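Quick look at entry.cif (mmCIF, C-alpha atoms):
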```
data_structure
loop_
_atom_site.label_atom_id
_atom_site.label_comp_id
_atom_site.auth_asym_id
_atom_site.auth_seq_id
_atom_site.Cartn_x
_atom_site.Cartn_y
_atom_site.Cartn_z
CA MET V 1 -57.91 -8.41 -33.30
CA SER V 2 -55.41 -11.14 -33.98
CA TYR V 3 -54.47 -12.64 -37.30
CA ASP V 4 -55.29 -16.30 -37.83
CA PRO V 5 -52.34 -17.66 -39.91
CA SER V 6 -53.99 -20.99 -40.57
CA PRO V 7 -55.27 -21.43 -44.11
CA SER V 8 -59.00 -21.67 -44.65
CA TYR V 9 -58.55 -24.40 -47.23
CA GLN V 10 -57.94 -28.06 -46.59
CA HIS V 11 -54.19 -28.69 -46.36
CA ARG V 12 -52.69 -31.96 -47.49
CA PRO V 13 -48.99 -32.58 -46.82
CA PRO V 14 -46.80 -33.63 -49.74
CA PRO V 15 -46.38 -37.38 -50.25
CA PRO V 16 -43.29 -38.95 -48.66
CA PRO V 17 -40.26 -39.46 -50.92
CA PRO V 18 -39.76 -42.95 -52.36
CA GLN V 19 -37.55 -45.17 -50.23
CA ALA V 20 -35.14 -47.93 -51.13
CA PRO V 21 -36.52 -51.46 -50.65
CA HIS V 22 -35.70 -53.18 -47.36
CA HIS V 23 -33.48 -56.25 -47.37
CA ARG V 24 -34.70 -57.67 -44.09
CA PRO V 25 -36.07 -61.14 -43.85
CA THR V 26 -39.81 -61.11 -44.16
CA THR V 27 -41.84 -62.02 -41.12
CA HIS V 28 -45.50 -62.68 -40.97
CA ARG V 29 -47.48 -59.65 -39.88
CA ALA V 30 -51.17 -59.14 -39.44
CA PRO V 31 -52.68 -57.26 -42.38
CA HIS V 32 -52.86 -53.52 -41.82
CA HIS V 33 -56.36 -52.11 -42.12
CA ALA V 34 -56.75 -48.50 -43.19
CA PRO V 35 -58.71 -46.30 -40.80
CA ARG V 36 -62.29 -45.65 -41.75
CA ARG V 37 -61.72 -41.90 -41.98
CA ASP V 38 -58.94 -39.49 -42.84
CA PRO V 39 -56.33 -38.76 -40.17
CA LEU V 40 -56.97 -35.68 -38.06
CA GLY V 41 -54.72 -33.41 -40.14
CA HIS V 42 -57.01 -33.83 -43.15
CA HIS V 43 -60.26 -33.56 -41.25
CA SER V 44 -62.82 -30.93 -42.21
CA ASP V 45 -63.70 -30.39 -38.53
CA LEU V 46 -60.54 -28.32 -38.16
CA ARG V 47 -61.78 -25.97 -40.87
CA ILE V 48 -65.20 -25.81 -39.22
CA LEU V 49 -63.56 -25.11 -35.84
CA ARG V 50 -61.50 -22.26 -37.32
CA GLY V 51 -64.65 -20.78 -38.84
CA ALA V 52 -66.60 -21.05 -35.57
CA TYR V 53 -63.75 -19.46 -33.63
CA ARG V 54 -63.42 -16.70 -36.23
CA TRP V 55 -67.18 -15.98 -36.01
CA GLN V 56 -66.94 -15.91 -32.21
CA ARG V 57 -64.07 -13.41 -32.23
CA ARG V 58 -65.79 -11.17 -34.78
CA THR V 59 -69.10 -11.12 -32.93
CA ALA V 60 -67.60 -10.20 -29.57
CA THR V 61 -65.16 -7.69 -31.05
CA LEU V 62 -67.80 -5.96 -33.17
CA THR V 63 -70.14 -5.72 -30.19
CA ALA V 64 -67.60 -3.86 -28.04
CA LEU V 65 -65.88 -1.87 -30.77
CA GLY V 66 -69.13 -1.07 -32.56
CA TYR V 67 -70.57 0.63 -29.50
CA PHE V 68 -67.31 2.47 -28.81
CA THR V 69 -67.17 3.65 -32.44
CA LEU V 70 -70.77 4.88 -32.16
CA PHE V 71 -69.79 6.79 -29.02
CA LEU V 72 -66.81 8.38 -30.79
CA VAL V 73 -68.85 9.32 -33.87
CA LEU V 74 -71.55 10.91 -31.72
CA SER V 75 -68.88 12.80 -29.77
CA ALA V 76 -67.32 14.16 -32.96
CA TYR V 77 -70.40 14.86 -35.08
CA ALA V 78 -73.21 15.43 -32.57
CA PRO V 79 -71.75 17.54 -29.76
CA GLY V 80 -75.15 19.09 -29.09
CA LEU V 81 -76.61 15.67 -28.36
CA MET V 82 -73.67 14.65 -26.18
CA THR V 83 -73.82 17.84 -24.05
CA GLY V 84 -77.59 17.72 -23.62
CA THR V 85 -79.06 16.36 -20.41
CA ALA V 86 -80.54 12.88 -20.39
CA VAL V 87 -81.59 11.56 -16.98
CA ALA V 88 -81.43 13.35 -13.61
CA GLY V 89 -79.24 16.11 -15.01
CA LEU V 90 -76.59 13.72 -16.40
CA PRO V 91 -75.17 14.76 -19.75
CA THR V 92 -75.95 12.28 -22.54
CA GLY V 93 -72.24 11.84 -23.29
CA LEU V 94 -71.50 10.80 -19.71
CA LEU V 95 -74.46 8.43 -19.69
CA LEU V 96 -73.31 6.82 -22.96
CA ALA V 97 -69.77 6.55 -21.56
CA LEU V 98 -71.11 4.78 -18.46
CA VAL V 99 -73.09 2.40 -20.66
CA GLN V 100 -69.77 1.31 -22.22
CA LEU V 101 -69.06 -0.95 -19.21
CA PRO V 102 -72.28 -3.02 -19.50
CA VAL V 103 -71.75 -3.26 -23.26
CA THR V 104 -68.25 -4.64 -22.64
CA TRP V 105 -69.72 -7.16 -20.18
CA LEU V 106 -72.26 -8.10 -22.85
CA ALA V 107 -69.45 -8.70 -25.34
CA ILE V 108 -67.65 -10.94 -22.83
CA ALA V 109 -70.87 -12.85 -22.08
CA LEU V 110 -71.52 -13.23 -25.81
CA TYR V 111 -67.98 -14.53 -26.31
CA GLU V 112 -68.40 -17.12 -23.53
CA TYR V 113 -71.85 -18.15 -24.78
CA THR V 114 -70.64 -18.76 -28.32
CA ALA V 115 -67.58 -20.60 -26.97
CA ARG V 116 -69.75 -23.00 -24.98
CA ARG V 117 -72.30 -23.43 -27.74
CA ARG V 118 -70.20 -23.62 -30.93
CA VAL V 119 -66.45 -23.76 -30.36
CA ASP V 120 -66.02 -25.99 -27.30
CA PRO V 121 -68.10 -28.95 -28.59
CA LEU V 122 -66.11 -28.96 -31.86
CA ALA V 123 -62.80 -28.70 -30.01
CA ASP V 124 -63.80 -31.55 -27.66
CA ARG V 125 -64.75 -33.77 -30.60
CA ILE V 126 -61.47 -33.04 -32.40
CA ARG V 127 -59.52 -33.67 -29.17
CA LYS V 128 -61.23 -37.07 -28.75
CA GLU V 129 -60.52 -37.98 -32.38
CA ALA V 130 -56.88 -36.94 -31.96
CA ALA V 131 -56.57 -39.19 -28.91
CA LEU V 132 -58.16 -42.03 -30.87
CA ASP V 133 -55.76 -41.45 -33.79
CA ALA V 134 -52.82 -41.41 -31.36
CA ARG V 135 -53.90 -44.73 -29.85
CA ARG V 136 -54.28 -46.21 -33.34
CA GLY V 137 -50.83 -44.94 -34.29
CA ALA V 138 -49.24 -46.36 -31.14
CA GLY V 139 -50.69 -49.78 -31.88
CA ARG V 140 -48.89 -50.01 -35.25
#
```
Structure encoded using structure tokens:
Amino acid sequence: MSYDPSPSYQHRPPPPPPQAPHHRPTTHRAPHHAPRRDPLGHHSDLRILRGAYRWQRRTATLTALGYFTLFLVLSAYAPGLMTGTAVAGLPTGLLLALVQLPVTWLAIALYEYTARRRVDPLADRIRKEAALDARRGAGR
């Protein structure tokens, strides 16, 4: 598992320091209109995206590691069960070890499913808003 260093609270940068007044001749400029929403850095979608990504990582990780932990616990505390025969003379331990591969595939499929359903749409929306903010900033 990796550590997500980003804070889970909404971060606001400190205000800029006061500047000395300009002594340039004034020219007529069009009035500057404030954007209708906060800039991307203050947007709550980033927090939602972090939460969706965190949920996605936890679900996939717990699926794979949970089964592996169950296998280890059964190996340590139920050796009679693990050495018993299950199907066609296969020991139960070997059968459970072979099932580890499909469970890992399930974890990968679950990770991709949640990425397409929850994380990717949020990331696409934030990417589009960032491009819109960049175009607005370039026009100033």
Practice prompt. Apply the PyMOL selection byres ((chain V and resi 48-65) around 9) to the file shown and report the selected residues as a PyMOL selection string.
Written response: chain V and resi 1+4+6+8+44-47+66-70+100+103-112+114-115+118-120+122-123+126
Discussion item. Between atom CA of Ala138 of chain V and atom CA of Arg125 of chain V, what is the distance in Å, rounded to a tenth?
Written reply: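 Here the two named atoms are 20.0 Å from each other.
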Worksheet item: To one decimal place, how far is atom CA of Leu74 of chain V from atom CA of Gly93 of chain V in Å?
Response: 8.5 Å
Exactly which residues make up the result of the PyMOL selection byres ((chain V and resi 81) around 12) on this file, given as a PDB file with C-alpha atoms, in the frame of the given file?
```pdb
ATOM      1  CA  PHE V  71     -69.790   6.790 -29.020  1.00  0.00           C
ATOM      2  CA  VAL V  73     -68.850   9.320 -33.870  1.00  0.00           C
ATOM      3  CA  LEU V  74     -71.550  10.910 -31.720  1.00  0.00           C
ATOM      4  CA  SER V  75     -68.880  12.800 -29.770  1.00  0.00           C
ATOM      5  CA  ALA V  76     -67.320  14.160 -32.960  1.00  0.00           C
ATOM      6  CA  TYR V  77     -70.400  14.860 -35.080  1.00  0.00           C
ATOM      7  CA  ALA V  78     -73.210  15.430 -32.570  1.00  0.00           C
ATOM      8  CA  PRO V  79     -71.750  17.540 -29.760  1.00  0.00           C
ATOM      9  CA  GLY V  80     -75.150  19.090 -29.090  1.00  0.00           C
ATOM     10  CA  MET V  82     -73.670  14.650 -26.180  1.00  0.00           C
ATOM     11  CA  THR V  83     -73.820  17.840 -24.050  1.00  0.00           C
ATOM     12  CA  GLY V  84     -77.590  17.720 -23.620  1.00  0.00           C
ATOM     13  CA  THR V  85     -79.060  16.360 -20.410  1.00  0.00           C
ATOM     14  CA  ALA V  86     -80.540  12.880 -20.390  1.00  0.00           C
ATOM     15  CA  PRO V  91     -75.170  14.760 -19.750  1.00  0.00           C
ATOM     16  CA  THR V  92     -75.950  12.280 -22.540  1.00  0.00           C
ATOM     17  CA  GLY V  93     -72.240  11.840 -23.290  1.00  0.00           C
ATOM     18  CA  LEU V  94     -71.500  10.800 -19.710  1.00  0.00           C
ATOM     19  CA  LEU V  95     -74.460   8.430 -19.690  1.00  0.00           C
ATOM     20  CA  LEU V  96     -73.310   6.820 -22.960  1.00  0.00           C
TER      21      LEU V  96
END
```
